[in-house]
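Coordinates from data_7.txt are shown below (compact mmCIF, C-alpha atoms (C1' of nucleotides)).
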# COMPACT_ATOMS: atom_id res chain seq x y z
CA MET A 64 20.78 14.32 -12.54
CA ASN A 65 19.97 17.56 -10.72
CA ILE A 66 16.91 18.02 -8.57
CA GLY A 67 15.07 20.07 -11.17
CA ALA A 68 15.22 17.31 -13.74
CA ALA A 69 14.37 14.73 -11.11
CA ALA A 70 11.35 16.82 -10.19
CA GLU A 71 10.25 16.95 -13.79
CA HIS A 72 10.65 13.22 -14.34
CA SER A 73 8.98 12.21 -11.10
CA GLY A 74 6.16 14.72 -11.10
CA LEU A 75 7.12 15.87 -7.62
CA PRO A 76 8.10 19.50 -6.91
CA ALA A 77 11.76 19.97 -6.01
CA LYS A 78 10.66 21.37 -2.67
CA THR A 79 8.83 18.15 -1.94
CA ILE A 80 11.82 16.02 -2.90
CA ARG A 81 14.01 17.97 -0.49
CA TYR A 82 11.36 17.54 2.14
CA TYR A 83 11.28 13.79 1.58
CA GLU A 84 15.03 13.76 2.06
CA ASP A 85 14.67 15.80 5.25
CA ILE A 86 12.36 13.25 6.76
CA GLY A 87 14.60 10.41 5.64
CA LEU A 88 12.38 8.94 2.93
CA LEU A 89 15.28 8.82 0.51
CA ARG A 90 18.77 10.26 0.32
CA ALA A 91 20.49 11.36 -2.84
CA SER A 92 24.24 11.49 -3.31
CA ARG A 93 25.90 14.84 -3.81
CA ALA A 94 27.95 16.09 -6.72
CA THR A 95 31.20 17.92 -6.03
CA ASN A 96 29.42 21.26 -6.22
CA GLY A 97 27.08 20.23 -3.43
CA TYR A 98 24.10 19.69 -5.69
CA ARG A 99 21.97 16.61 -5.15
CA ASP A 100 22.57 13.96 -7.80
CA TYR A 101 19.80 11.52 -8.66
CA SER A 102 20.49 8.09 -10.12
CA THR A 103 18.06 6.04 -12.18
CA ASP A 104 17.20 4.08 -9.05
CA ASP A 105 16.53 7.29 -7.18
CA LEU A 106 14.21 8.33 -9.97
CA HIS A 107 12.31 5.07 -9.67
CA ARG A 108 11.88 5.65 -5.97
CA LEU A 109 10.67 9.19 -6.58
CA LYS A 110 8.11 8.04 -9.10
CA PHE A 111 7.10 5.27 -6.72
CA LEU A 112 6.53 7.88 -4.03
CA GLN A 113 4.60 10.11 -6.37
CA ARG A 114 2.25 7.28 -7.34
CA ALA A 115 1.81 6.03 -3.81
CA ARG A 116 1.05 9.49 -2.47
CA SER A 117 -1.42 10.16 -5.25
CA LEU A 118 -3.17 6.91 -4.32
CA GLY A 119 -3.71 8.35 -0.88
CA PHE A 120 -1.02 6.55 1.08
CA THR A 121 0.42 8.66 3.89
CA VAL A 122 4.10 9.44 3.94
CA GLU A 123 4.59 6.85 6.68
CA GLU A 124 2.82 4.22 4.62
CA CYS A 125 5.02 5.22 1.70
CA ARG A 126 8.01 4.60 3.90
CA GLN A 127 6.80 1.05 4.57
CA LEU A 128 5.91 0.47 0.93
CA LEU A 129 9.32 1.71 -0.18
CA SER A 130 11.02 -0.71 2.12
CA LEU A 131 8.83 -3.53 0.83
CA TYR A 132 9.65 -2.36 -2.68
CA ALA A 133 13.34 -2.65 -1.88
CA ASP A 134 12.93 -6.06 -0.27
CA LYS A 135 12.93 -8.66 -3.01
CA ASP A 136 11.91 -11.33 -0.50
CA ARG A 137 8.87 -9.47 0.79
CA ASP A 138 5.58 -11.28 1.27
CA SER A 139 2.97 -9.86 -1.04
CA ALA A 140 0.61 -10.28 1.92
CA ASP A 141 2.46 -7.46 3.70
CA VAL A 142 1.86 -5.12 0.82
CA LYS A 143 -1.73 -6.21 0.47
CA ALA A 144 -2.35 -5.55 4.16
CA ILE A 145 -1.30 -1.93 3.84
CA ALA A 146 -3.34 -1.43 0.70
CA SER A 147 -6.41 -3.12 2.17
CA ASN A 148 -6.20 -0.93 5.21
CA LYS A 149 -6.07 2.12 3.03
CA LEU A 150 -9.03 0.85 1.08
CA ASP A 151 -11.02 0.53 4.29
CA GLU A 152 -10.08 4.04 5.28
CA ILE A 153 -11.16 5.36 1.92
CA ASP A 154 -14.46 3.55 2.21
CA LYS A 155 -15.08 5.04 5.62
CA LYS A 156 -14.21 8.48 4.38
CA ILE A 157 -16.55 8.15 1.42
CA ALA A 158 -19.39 7.00 3.65
CA GLN A 159 -18.79 9.90 6.00
CA LEU A 160 -18.78 12.41 3.18
CA GLN A 161 -21.89 10.94 1.65
CA SER A 162 -23.75 11.29 4.90
CA LEU A 163 -22.56 14.89 5.21
CA ARG A 164 -23.63 15.45 1.66
CA ALA A 165 -27.10 14.16 2.37
CA VAL A 166 -27.65 16.52 5.29
CA LEU A 167 -26.15 19.50 3.57
CA SER A 168 -27.97 19.01 0.30
CA HIS A 169 -31.23 18.70 2.17
CA LEU A 170 -30.54 22.01 3.89
CA VAL A 171 -29.47 23.73 0.70
CA ALA A 172 -32.54 22.47 -1.13
CA ASN A 173 -34.79 23.94 1.52
CA CYS A 174 -33.24 27.36 1.65
CA HIS A 175 -34.91 29.90 -0.61
CA GLY A 176 -31.64 31.71 -1.16
CA ASN A 177 -33.20 35.10 -1.53
CA ASP A 178 -32.88 38.51 0.18
CA ARG A 179 -35.03 37.50 3.13
CA PRO A 180 -33.39 36.50 6.41
CA ASP A 181 -35.24 33.28 7.20
CA CYS A 182 -32.94 30.41 6.46
CA PRO A 183 -33.31 26.74 7.35
CA ILE A 184 -29.55 26.26 7.14
CA ILE A 185 -28.90 28.76 9.89
CA ASP A 186 -31.87 27.42 11.82
CA ASP A 187 -30.46 23.94 11.70
CA LEU A 188 -27.00 25.06 12.78
CA ALA A 189 -28.64 26.98 15.61
CA GLY A 190 -30.30 23.76 16.70
CA GLU A 191 -33.79 24.95 15.96
CA ALA A 192 -35.30 21.80 14.55
CA HIS A 193 -38.03 22.71 12.08
CA MET B 230 -20.91 28.82 33.49
CA ASN B 231 -17.33 27.53 33.52
CA ILE B 232 -15.57 26.17 30.49
CA GLY B 233 -15.92 22.55 31.60
CA ALA B 234 -19.69 22.75 31.70
CA ALA B 235 -19.74 24.72 28.45
CA ALA B 236 -17.65 21.98 26.88
CA GLU B 237 -20.07 19.35 28.08
CA HIS B 238 -23.13 21.21 26.80
CA SER B 239 -21.64 22.11 23.44
CA GLY B 240 -19.90 18.87 22.70
CA LEU B 241 -16.62 20.70 22.12
CA PRO B 242 -13.49 19.94 24.17
CA ALA B 243 -12.46 22.76 26.51
CA LYS B 244 -9.17 22.95 24.63
CA THR B 245 -11.01 23.59 21.42
CA ILE B 246 -13.15 26.29 22.98
CA ARG B 247 -10.04 28.08 24.21
CA TYR B 248 -8.56 27.70 20.77
CA TYR B 249 -11.64 29.25 19.18
CA GLU B 250 -11.27 32.17 21.55
CA ASP B 251 -7.60 32.47 20.64
CA ILE B 252 -8.42 32.85 16.97
CA GLY B 253 -11.21 35.28 17.73
CA LEU B 254 -14.18 33.10 16.88
CA LEU B 255 -15.91 34.02 20.12
CA ARG B 256 -14.92 35.72 23.34
CA ALA B 257 -16.31 34.83 26.75
CA SER B 258 -16.48 37.24 29.65
CA ARG B 259 -14.37 36.55 32.70
CA ALA B 260 -15.47 35.98 36.27
CA THR B 261 -13.61 37.77 39.05
CA ASN B 262 -11.39 34.74 39.55
CA GLY B 263 -10.23 34.95 35.95
CA TYR B 264 -12.23 31.94 34.81
CA ARG B 265 -14.12 32.19 31.53
CA ASP B 266 -17.83 32.61 32.08
CA TYR B 267 -20.24 31.40 29.40
CA SER B 268 -23.72 32.86 28.96
CA THR B 269 -26.67 31.12 27.34
CA ASP B 270 -25.92 33.01 24.14
CA ASP B 271 -22.33 31.88 24.26
CA LEU B 272 -23.55 28.34 24.61
CA HIS B 273 -25.72 28.72 21.53
CA ARG B 274 -22.76 29.95 19.59
CA LEU B 275 -20.65 27.05 20.78
CA LYS B 276 -23.27 24.54 19.75
CA PHE B 277 -23.63 26.37 16.45
CA LEU B 278 -19.89 26.00 15.91
CA GLN B 279 -19.96 22.36 16.86
CA ARG B 280 -22.69 21.61 14.34
CA ALA B 281 -21.15 23.67 11.58
CA ARG B 282 -17.74 22.05 12.05
CA SER B 283 -19.22 18.58 12.09
CA LEU B 284 -20.93 19.40 8.79
CA GLY B 285 -17.51 20.01 7.33
CA PHE B 286 -17.39 23.80 7.30
CA THR B 287 -13.91 25.18 7.86
CA VAL B 288 -13.26 27.45 10.79
CA GLU B 289 -13.22 30.44 8.46
CA GLU B 290 -16.57 29.45 7.02
CA CYS B 291 -17.83 29.08 10.55
CA ARG B 292 -16.72 32.62 11.21
CA GLN B 293 -18.82 33.83 8.28
CA LEU B 294 -21.76 31.67 9.26
CA LEU B 295 -21.60 32.94 12.84
CA SER B 296 -21.74 36.51 11.65
CA LEU B 297 -24.69 35.71 9.40
CA TYR B 298 -26.27 33.95 12.36
CA ALA B 299 -25.88 37.13 14.38
CA ASP B 300 -27.22 39.33 11.60
CA LYS B 301 -30.99 39.28 11.76
CA ASP B 302 -31.17 41.14 8.43
CA ARG B 303 -29.00 38.67 6.56
CA ASP B 304 -30.00 37.45 3.11
CA SER B 305 -30.63 33.73 3.17
CA ALA B 306 -28.88 33.72 -0.22
CA ASP B 307 -25.59 34.52 1.52
CA VAL B 308 -25.93 31.49 3.75
CA LYS B 309 -27.00 29.31 0.87
CA ALA B 310 -23.97 30.38 -1.15
CA ILE B 311 -21.58 29.17 1.52
CA ALA B 312 -23.43 25.90 1.96
CA SER B 313 -23.67 25.28 -1.78
CA ASN B 314 -19.97 25.87 -2.15
CA LYS B 315 -19.30 23.36 0.56
CA LEU B 316 -21.61 20.91 -1.13
CA ASP B 317 -19.62 21.25 -4.35
CA GLU B 318 -16.40 20.65 -2.48
CA ILE B 319 -17.83 17.57 -0.85
CA ASP B 320 -18.95 16.26 -4.21
CA LYS B 321 -15.50 16.76 -5.68
CA LYS B 322 -13.90 15.05 -2.74
CA ILE B 323 -16.25 12.09 -3.00
CA ALA B 324 -15.55 11.73 -6.70
CA GLN B 325 -11.84 11.86 -6.07
CA LEU B 326 -12.03 9.23 -3.36
CA GLN B 327 -14.19 6.98 -5.49
CA SER B 328 -11.68 7.08 -8.29
CA LEU B 329 -8.90 6.29 -5.83
CA ARG B 330 -11.00 3.50 -4.48
CA ALA B 331 -11.47 2.00 -7.91
CA VAL B 332 -7.75 1.86 -8.63
CA LEU B 333 -6.81 0.61 -5.21
CA SER B 334 -9.48 -2.05 -5.02
CA HIS B 335 -8.44 -3.33 -8.42
CA LEU B 336 -4.86 -3.64 -7.19
CA VAL B 337 -5.86 -5.30 -3.94
CA ALA B 338 -8.11 -7.75 -5.75
CA ASN B 339 -5.23 -8.83 -7.96
CA CYS B 340 -2.67 -9.35 -5.24
CA HIS B 341 -2.48 -12.89 -3.96
CA GLY B 342 -1.55 -11.72 -0.50
CA ASN B 343 0.59 -14.72 0.28
CA ASP B 344 4.20 -15.33 1.31
CA ARG B 345 5.52 -14.95 -2.23
CA PRO B 346 7.15 -11.70 -3.29
CA ASP B 347 5.39 -11.00 -6.59
CA CYS B 348 2.87 -8.28 -6.00
CA PRO B 349 0.87 -6.29 -8.56
CA ILE B 350 0.44 -3.46 -6.06
CA ILE B 351 4.17 -2.89 -5.81
CA ASP B 352 4.51 -3.41 -9.54
CA ASP B 353 1.98 -0.73 -10.22
CA LEU B 354 3.57 1.72 -7.83
CA ALA B 355 6.90 0.97 -9.47
CA GLY B 356 5.34 1.91 -12.80
CA GLU B 357 5.63 -1.55 -14.26
CA ALA B 358 2.41 -1.75 -16.18
CA HIS B 359 1.38 -5.38 -16.44
C1' DG C 243 -7.35 25.80 59.22
C1' DC C 244 -5.19 22.67 56.15
C1' DT C 245 -4.76 19.56 52.62
C1' DT C 246 -5.92 17.21 48.55
C1' DG C 247 -7.68 16.80 44.00
C1' DA C 248 -10.26 18.64 40.30
C1' DA C 249 -10.80 22.28 37.32
C1' DC C 250 -9.09 26.41 35.79
C1' DT C 251 -5.24 29.58 33.77
C1' DT C 252 -1.33 30.54 30.19
C1' DC C 253 2.10 29.20 27.07
C1' DC C 254 4.95 26.15 24.21
C1' DA C 255 5.45 22.29 21.22
C1' DG C 256 3.81 18.71 18.11
C1' DT C 257 0.77 16.91 14.51
C1' DT C 258 0.58 16.24 8.44
C1' DA C 259 2.67 17.19 4.26
C1' DC C 260 4.13 20.37 2.39
C1' DT C 261 4.98 25.50 0.61
C1' DA C 262 6.82 30.34 0.57
C1' DG C 263 10.47 33.11 1.08
C1' DA C 264 15.06 34.90 2.45
C1' DA C 265 19.96 34.89 1.83
C1' DC C 266 23.45 32.92 -0.48
C1' DC C 267 26.25 30.04 -4.01
C1' DT C 268 26.96 27.75 -8.79
C1' DT C 269 26.18 27.17 -13.50
C1' DT C 270 25.02 28.61 -18.11
C1' DA C 271 24.41 31.83 -21.71
C1' DT C 272 25.23 36.17 -23.77
C1' DA D 56 31.57 40.43 -17.12
C1' DT D 57 27.20 39.88 -15.94
C1' DA D 58 22.62 38.35 -15.53
C1' DA D 59 19.32 34.70 -15.29
C1' DA D 60 18.33 30.24 -13.88
C1' DG D 61 18.77 26.82 -10.75
C1' DG D 62 21.01 25.00 -6.80
C1' DT D 63 21.83 25.29 -1.33
C1' DT D 64 20.15 25.97 3.72
C1' DC D 65 17.11 27.74 7.08
C1' DT D 66 12.93 29.65 9.11
C1' DA D 67 8.21 30.16 9.30
C1' DG D 68 3.46 29.47 7.90
C1' DT D 69 -0.56 26.53 6.66
C1' DA D 70 -5.49 23.90 9.33
C1' DA D 71 -7.39 22.81 13.38
C1' DC D 72 -6.51 21.28 17.01
C1' DT D 73 -4.11 18.36 20.97
C1' DG D 74 -0.81 17.28 24.72
C1' DG D 75 1.74 18.69 28.39
C1' DA D 76 4.03 21.74 31.77
C1' DA D 77 3.78 25.09 35.43
C1' DG D 78 1.06 27.71 38.09
C1' DT D 79 -3.91 29.47 40.31
C1' DT D 80 -8.43 28.65 42.36
C1' DC D 81 -12.13 26.13 44.14
C1' DA D 82 -14.81 22.55 46.78
C1' DA D 83 -14.76 18.97 50.03
C1' DG D 84 -13.15 16.43 53.95
C1' DC D 85 -10.77 16.07 58.44

As a first step, turn the structure in this file into structure tokens.
Amino acid sequence: MNIGAAAEHSGLPAKTIRYYEDIGLLRASRATNGYRDYSTDDLHRLKFLQRARSLGFTVEECRQLLSLYADKDRDSADVKAIASNKLDEIDKKIAQLQSLRAVLSHLVANCHGNDRPDCPIIDDLAGEAH
Amino acid sequence: MNIGAAAEHSGLPAKTIRYYEDIGLLRASRATNGYRDYSTDDLHRLKFLQRARSLGFTVEECRQLLSLYADKDRDSADVKAIASNKLDEIDKKIAQLQSLRAVLSHLVANCHGNDRPDCPIIDDLAGEAH
DNA sequence: GCTTGAACTTCCAGTTACTAGAACCTTTAT
DNA sequence: ATAAAGGTTCTAGTAACTGGAAGTTCAAGC
């Protein structure tokens, strides 16, 4: 299967698939014409990558997950550790964004948003506490 | 004032200040020895940048905000527009992360995390719906 | 006056995960 | 035969820094 079809089936752009090959995430065999040729197993790996990435795992984490995926004797604890870590990171990120949101929404709510120059948002950025 | 002191007062690393100069966010005058020399106004701008960045504004947004900061005849509506936009982005990001979090925490909760190989996290990534 | 170390200078490379585009080759359809 | 579609490689650009190298300049101590 050519890269275009593999892209379609996996939901990853062809460019991205080539990139993943570049960084050694997976290698496809080549047909006689030099085109990449994807097997059913390759397709599974591509879909696996697509799902893992969309869940927020980094490419390096995907590399680990792929190798755990390939290892039929893995400990589920190893997988869980990676996922739990990611969960913690997501929680931290959410908390951070929520605190940003609170500050920013307070500022926005207090700005008249008219054609006059006085603006509590600018004042706050300038360090002029009200 | 030298860049080291400016860094200390603004809370921005010296490297970052030089970078901001590189991309034209602000320019400092030079002393006779070639060292950058920061005025009180420069310091205000640096602190302004530090606050705006920590609120999640991109460098390009900071550029706009800085120019509105400098413009005493600005319309507060222009500032509010940028901030409201950012608020929307933050909201979208939070929603996205929360939905990720839901999926991931479900997977983590269902994985035994022991020394056995069966793992619902891997199964899900592999597309094997339970 | 000399030396040492900190702080300054510039410039280049690396980070993350792609994405755009150029130049070229192969396949498929008309 | 030719044109469009899809494949190939390679380079460079994105965001916002950060690290490090190689080379001044300054301040302090002897």

| task | Identify the residues within 10 Å of coordinate (18.7, 12.2, -10.0) (same frame as the file), considering all atoms listed in the file, and give the answer as a count of residues only. | result | 22

I'd like the superposed chain A, fitted onto chain B by least squares over all Cα atoms in order, as a PDB file with C-alpha atoms, in the coordinates of the input.
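The result, stored in result30.pdb:
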ATOM      1  CA  MET A  64     -20.948  28.831  33.448  1.00  0.00           C
ATOM      2  CA  ASN A  65     -17.371  27.539  33.522  1.00  0.00           C
ATOM      3  CA  ILE A  66     -15.596  26.178  30.490  1.00  0.00           C
ATOM      4  CA  GLY A  67     -15.972  22.566  31.567  1.00  0.00           C
ATOM      5  CA  ALA A  68     -19.739  22.779  31.659  1.00  0.00           C
ATOM      6  CA  ALA A  69     -19.769  24.743  28.428  1.00  0.00           C
ATOM      7  CA  ALA A  70     -17.683  21.997  26.865  1.00  0.00           C
ATOM      8  CA  GLU A  71     -20.119  19.375  28.039  1.00  0.00           C
ATOM      9  CA  HIS A  72     -23.168  21.241  26.775  1.00  0.00           C
ATOM     10  CA  SER A  73     -21.662  22.139  23.424  1.00  0.00           C
ATOM     11  CA  GLY A  74     -19.913  18.876  22.686  1.00  0.00           C
ATOM     12  CA  LEU A  75     -16.646  20.704  22.106  1.00  0.00           C
ATOM     13  CA  PRO A  76     -13.532  19.955  24.200  1.00  0.00           C
ATOM     14  CA  ALA A  77     -12.504  22.784  26.516  1.00  0.00           C
ATOM     15  CA  LYS A  78      -9.191  22.944  24.693  1.00  0.00           C
ATOM     16  CA  THR A  79     -11.021  23.590  21.455  1.00  0.00           C
ATOM     17  CA  ILE A  80     -13.165  26.315  22.998  1.00  0.00           C
ATOM     18  CA  ARG A  81     -10.049  28.100  24.227  1.00  0.00           C
ATOM     19  CA  TYR A  82      -8.569  27.710  20.794  1.00  0.00           C
ATOM     20  CA  TYR A  83     -11.648  29.237  19.191  1.00  0.00           C
ATOM     21  CA  GLU A  84     -11.270  32.172  21.544  1.00  0.00           C
ATOM     22  CA  ASP A  85      -7.590  32.471  20.629  1.00  0.00           C
ATOM     23  CA  ILE A  86      -8.405  32.825  16.978  1.00  0.00           C
ATOM     24  CA  GLY A  87     -11.181  35.286  17.733  1.00  0.00           C
ATOM     25  CA  LEU A  88     -14.163  33.093  16.876  1.00  0.00           C
ATOM     26  CA  LEU A  89     -15.886  34.038  20.104  1.00  0.00           C
ATOM     27  CA  ARG A  90     -14.925  35.729  23.346  1.00  0.00           C
ATOM     28  CA  ALA A  91     -16.311  34.861  26.734  1.00  0.00           C
ATOM     29  CA  SER A  92     -16.479  37.249  29.661  1.00  0.00           C
ATOM     30  CA  ARG A  93     -14.398  36.530  32.724  1.00  0.00           C
ATOM     31  CA  ALA A  94     -15.496  35.947  36.286  1.00  0.00           C
ATOM     32  CA  THR A  95     -13.647  37.705  39.093  1.00  0.00           C
ATOM     33  CA  ASN A  96     -11.417  34.681  39.587  1.00  0.00           C
ATOM     34  CA  GLY A  97     -10.250  34.889  35.993  1.00  0.00           C
ATOM     35  CA  TYR A  98     -12.265  31.912  34.827  1.00  0.00           C
ATOM     36  CA  ARG A  99     -14.133  32.181  31.547  1.00  0.00           C
ATOM     37  CA  ASP A 100     -17.869  32.621  32.049  1.00  0.00           C
ATOM     38  CA  TYR A 101     -20.266  31.426  29.367  1.00  0.00           C
ATOM     39  CA  SER A 102     -23.730  32.903  28.928  1.00  0.00           C
ATOM     40  CA  THR A 103     -26.678  31.167  27.300  1.00  0.00           C
ATOM     41  CA  ASP A 104     -25.915  33.063  24.106  1.00  0.00           C
ATOM     42  CA  ASP A 105     -22.322  31.911  24.237  1.00  0.00           C
ATOM     43  CA  LEU A 106     -23.563  28.363  24.583  1.00  0.00           C
ATOM     44  CA  HIS A 107     -25.723  28.767  21.501  1.00  0.00           C
ATOM     45  CA  ARG A 108     -22.735  29.991  19.555  1.00  0.00           C
ATOM     46  CA  LEU A 109     -20.645  27.069  20.765  1.00  0.00           C
ATOM     47  CA  LYS A 110     -23.271  24.568  19.728  1.00  0.00           C
ATOM     48  CA  PHE A 111     -23.614  26.389  16.423  1.00  0.00           C
ATOM     49  CA  LEU A 112     -19.878  26.009  15.902  1.00  0.00           C
ATOM     50  CA  GLN A 113     -19.946  22.372  16.869  1.00  0.00           C
ATOM     51  CA  ARG A 114     -22.691  21.616  14.346  1.00  0.00           C
ATOM     52  CA  ALA A 115     -21.133  23.657  11.585  1.00  0.00           C
ATOM     53  CA  ARG A 116     -17.733  22.056  12.053  1.00  0.00           C
ATOM     54  CA  SER A 117     -19.234  18.589  12.107  1.00  0.00           C
ATOM     55  CA  LEU A 118     -20.945  19.405   8.806  1.00  0.00           C
ATOM     56  CA  GLY A 119     -17.524  19.996   7.341  1.00  0.00           C
ATOM     57  CA  PHE A 120     -17.400  23.778   7.314  1.00  0.00           C
ATOM     58  CA  THR A 121     -13.904  25.144   7.888  1.00  0.00           C
ATOM     59  CA  VAL A 122     -13.246  27.415  10.814  1.00  0.00           C
ATOM     60  CA  GLU A 123     -13.183  30.398   8.457  1.00  0.00           C
ATOM     61  CA  GLU A 124     -16.535  29.422   7.005  1.00  0.00           C
ATOM     62  CA  CYS A 125     -17.815  29.065  10.555  1.00  0.00           C
ATOM     63  CA  ARG A 126     -16.673  32.594  11.191  1.00  0.00           C
ATOM     64  CA  GLN A 127     -18.771  33.818   8.255  1.00  0.00           C
ATOM     65  CA  LEU A 128     -21.741  31.679   9.248  1.00  0.00           C
ATOM     66  CA  LEU A 129     -21.566  32.959  12.816  1.00  0.00           C
ATOM     67  CA  SER A 130     -21.667  36.507  11.616  1.00  0.00           C
ATOM     68  CA  LEU A 131     -24.626  35.704   9.377  1.00  0.00           C
ATOM     69  CA  TYR A 132     -26.220  33.985  12.354  1.00  0.00           C
ATOM     70  CA  ALA A 133     -25.806  37.163  14.370  1.00  0.00           C
ATOM     71  CA  ASP A 134     -27.134  39.352  11.572  1.00  0.00           C
ATOM     72  CA  LYS A 135     -30.908  39.294  11.726  1.00  0.00           C
ATOM     73  CA  ASP A 136     -31.089  41.122   8.395  1.00  0.00           C
ATOM     74  CA  ARG A 137     -28.909  38.658   6.512  1.00  0.00           C
ATOM     75  CA  ASP A 138     -29.929  37.437   3.077  1.00  0.00           C
ATOM     76  CA  SER A 139     -30.568  33.729   3.156  1.00  0.00           C
ATOM     77  CA  ALA A 140     -28.846  33.703  -0.241  1.00  0.00           C
ATOM     78  CA  ASP A 141     -25.552  34.504   1.505  1.00  0.00           C
ATOM     79  CA  VAL A 142     -25.894  31.498   3.736  1.00  0.00           C
ATOM     80  CA  LYS A 143     -26.982  29.297   0.878  1.00  0.00           C
ATOM     81  CA  ALA A 144     -23.947  30.341  -1.156  1.00  0.00           C
ATOM     82  CA  ILE A 145     -21.558  29.140   1.520  1.00  0.00           C
ATOM     83  CA  ALA A 146     -23.424  25.888   1.978  1.00  0.00           C
ATOM     84  CA  SER A 147     -23.664  25.251  -1.761  1.00  0.00           C
ATOM     85  CA  ASN A 148     -19.971  25.810  -2.125  1.00  0.00           C
ATOM     86  CA  LYS A 149     -19.304  23.319   0.598  1.00  0.00           C
ATOM     87  CA  LEU A 150     -21.625  20.871  -1.074  1.00  0.00           C
ATOM     88  CA  ASP A 151     -19.651  21.184  -4.294  1.00  0.00           C
ATOM     89  CA  GLU A 152     -16.429  20.603  -2.433  1.00  0.00           C
ATOM     90  CA  ILE A 153     -17.845  17.523  -0.787  1.00  0.00           C
ATOM     91  CA  ASP A 154     -18.997  16.201  -4.130  1.00  0.00           C
ATOM     92  CA  LYS A 155     -15.563  16.695  -5.611  1.00  0.00           C
ATOM     93  CA  LYS A 156     -13.947  15.002  -2.669  1.00  0.00           C
ATOM     94  CA  ILE A 157     -16.289  12.036  -2.921  1.00  0.00           C
ATOM     95  CA  ALA A 158     -15.607  11.670  -6.631  1.00  0.00           C
ATOM     96  CA  GLN A 159     -11.880  11.816  -6.015  1.00  0.00           C
ATOM     97  CA  LEU A 160     -12.048   9.192  -3.306  1.00  0.00           C
ATOM     98  CA  GLN A 161     -14.222   6.943  -5.400  1.00  0.00           C
ATOM     99  CA  SER A 162     -11.738   7.036  -8.222  1.00  0.00           C
ATOM    100  CA  LEU A 163      -8.921   6.255  -5.787  1.00  0.00           C
ATOM    101  CA  ARG A 164     -11.014   3.466  -4.408  1.00  0.00           C
ATOM    102  CA  ALA A 165     -11.504   1.971  -7.834  1.00  0.00           C
ATOM    103  CA  VAL A 166      -7.786   1.843  -8.583  1.00  0.00           C
ATOM    104  CA  LEU A 167      -6.824   0.593  -5.177  1.00  0.00           C
ATOM    105  CA  SER A 168      -9.487  -2.075  -4.983  1.00  0.00           C
ATOM    106  CA  HIS A 169      -8.462  -3.335  -8.386  1.00  0.00           C
ATOM    107  CA  LEU A 170      -4.879  -3.637  -7.178  1.00  0.00           C
ATOM    108  CA  VAL A 171      -5.852  -5.292  -3.923  1.00  0.00           C
ATOM    109  CA  ALA A 172      -8.085  -7.765  -5.730  1.00  0.00           C
ATOM    110  CA  ASN A 173      -5.223  -8.801  -7.962  1.00  0.00           C
ATOM    111  CA  CYS A 174      -2.654  -9.324  -5.270  1.00  0.00           C
ATOM    112  CA  HIS A 175      -2.439 -12.890  -4.012  1.00  0.00           C
ATOM    113  CA  GLY A 176      -1.469 -11.718  -0.554  1.00  0.00           C
ATOM    114  CA  ASN A 177       0.675 -14.697   0.212  1.00  0.00           C
ATOM    115  CA  ASP A 178       4.317 -15.318   1.216  1.00  0.00           C
ATOM    116  CA  ARG A 179       5.612 -14.906  -2.319  1.00  0.00           C
ATOM    117  CA  PRO A 180       7.212 -11.623  -3.375  1.00  0.00           C
ATOM    118  CA  ASP A 181       5.423 -10.962  -6.658  1.00  0.00           C
ATOM    119  CA  CYS A 182       2.890  -8.257  -6.074  1.00  0.00           C
ATOM    120  CA  PRO A 183       0.874  -6.264  -8.596  1.00  0.00           C
ATOM    121  CA  ILE A 184       0.450  -3.438  -6.097  1.00  0.00           C
ATOM    122  CA  ILE A 185       4.170  -2.860  -5.852  1.00  0.00           C
ATOM    123  CA  ASP A 186       4.504  -3.373  -9.589  1.00  0.00           C
ATOM    124  CA  ASP A 187       1.951  -0.697 -10.249  1.00  0.00           C
ATOM    125  CA  LEU A 188       3.567   1.756  -7.847  1.00  0.00           C
ATOM    126  CA  ALA A 189       6.888   1.021  -9.527  1.00  0.00           C
ATOM    127  CA  GLY A 190       5.311   1.966 -12.833  1.00  0.00           C
ATOM    128  CA  GLU A 191       5.587  -1.486 -14.300  1.00  0.00           C
ATOM    129  CA  ALA A 192       2.320  -1.698 -16.164  1.00  0.00           C
ATOM    130  CA  HIS A 193       1.202  -5.318 -16.335  1.00  0.00           C
TER     131      HIS A 193
END

| Could you name the residues that touch Leu112 of chain A at 10 Å or less, counting only C-alpha atoms (C1' of nucleotides), but leaving out those on the same chain fewer than 2 positions away, as a ChimeraX atom specification? | /A:73-75,80,83,88-89,106-110,114-118,120,122,125-126,128-129 /B:354-355

| task | Using only C-alpha atoms, pick whichever of A:Thr79, A:Ser162, A:Asn96, A:Asn148 has the shortest atom-to-atom distance to Gly285 of chain B. | result |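 That would be A:Ser162, the residue with the smallest distance to Gly285 of chain B.
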
| Any idea which chain C residues end up within 8 Å of chain A if we count only C-alpha atoms (C1' of nucleotides), as a list in words please? |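 The answer, sorted by residue number, is DA259, DC260, DT261 and DT268 of chain C.
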
| request: Report the distance between atom CA of Ile185 of chain A and atom CA of Glu289 of chain B in Å, rounded to one decimal place. | output: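 We find that atom CA of Ile185 of chain A and atom CA of Glu289 of chain B lie 15.8 Å from each other.
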
| chain B contacts on chain A, all atoms listed in the file, 8 Å, as a ChimeraX atom specification | /A:107-108,110-112,114-115,118-119,128,132,135-144,146-147,150,153-154,157,160-161,163-164,167-168,171,174-182,184-185,188-190

Test item: residues at most 12 Å from DA264 of chain C, only C-alpha atoms (C1' of nucleotides), excluding those fewer than 4 positions along its chain, as a JSON list (two decimals) with C-alpha atoms (C1' of nucleotides), in the frame of the given file:
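Result went into selection-v8.json, see below:
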[["chain", "number", "residue", "atom", "x", "y", "z"],
["D", 64, "DT", "C1'", 20.15, 25.97, 3.72],
["D", 65, "DC", "C1'", 17.11, 27.74, 7.08],
["D", 66, "DT", "C1'", 12.93, 29.65, 9.11],
["D", 67, "DA", "C1'", 8.21, 30.16, 9.30]]
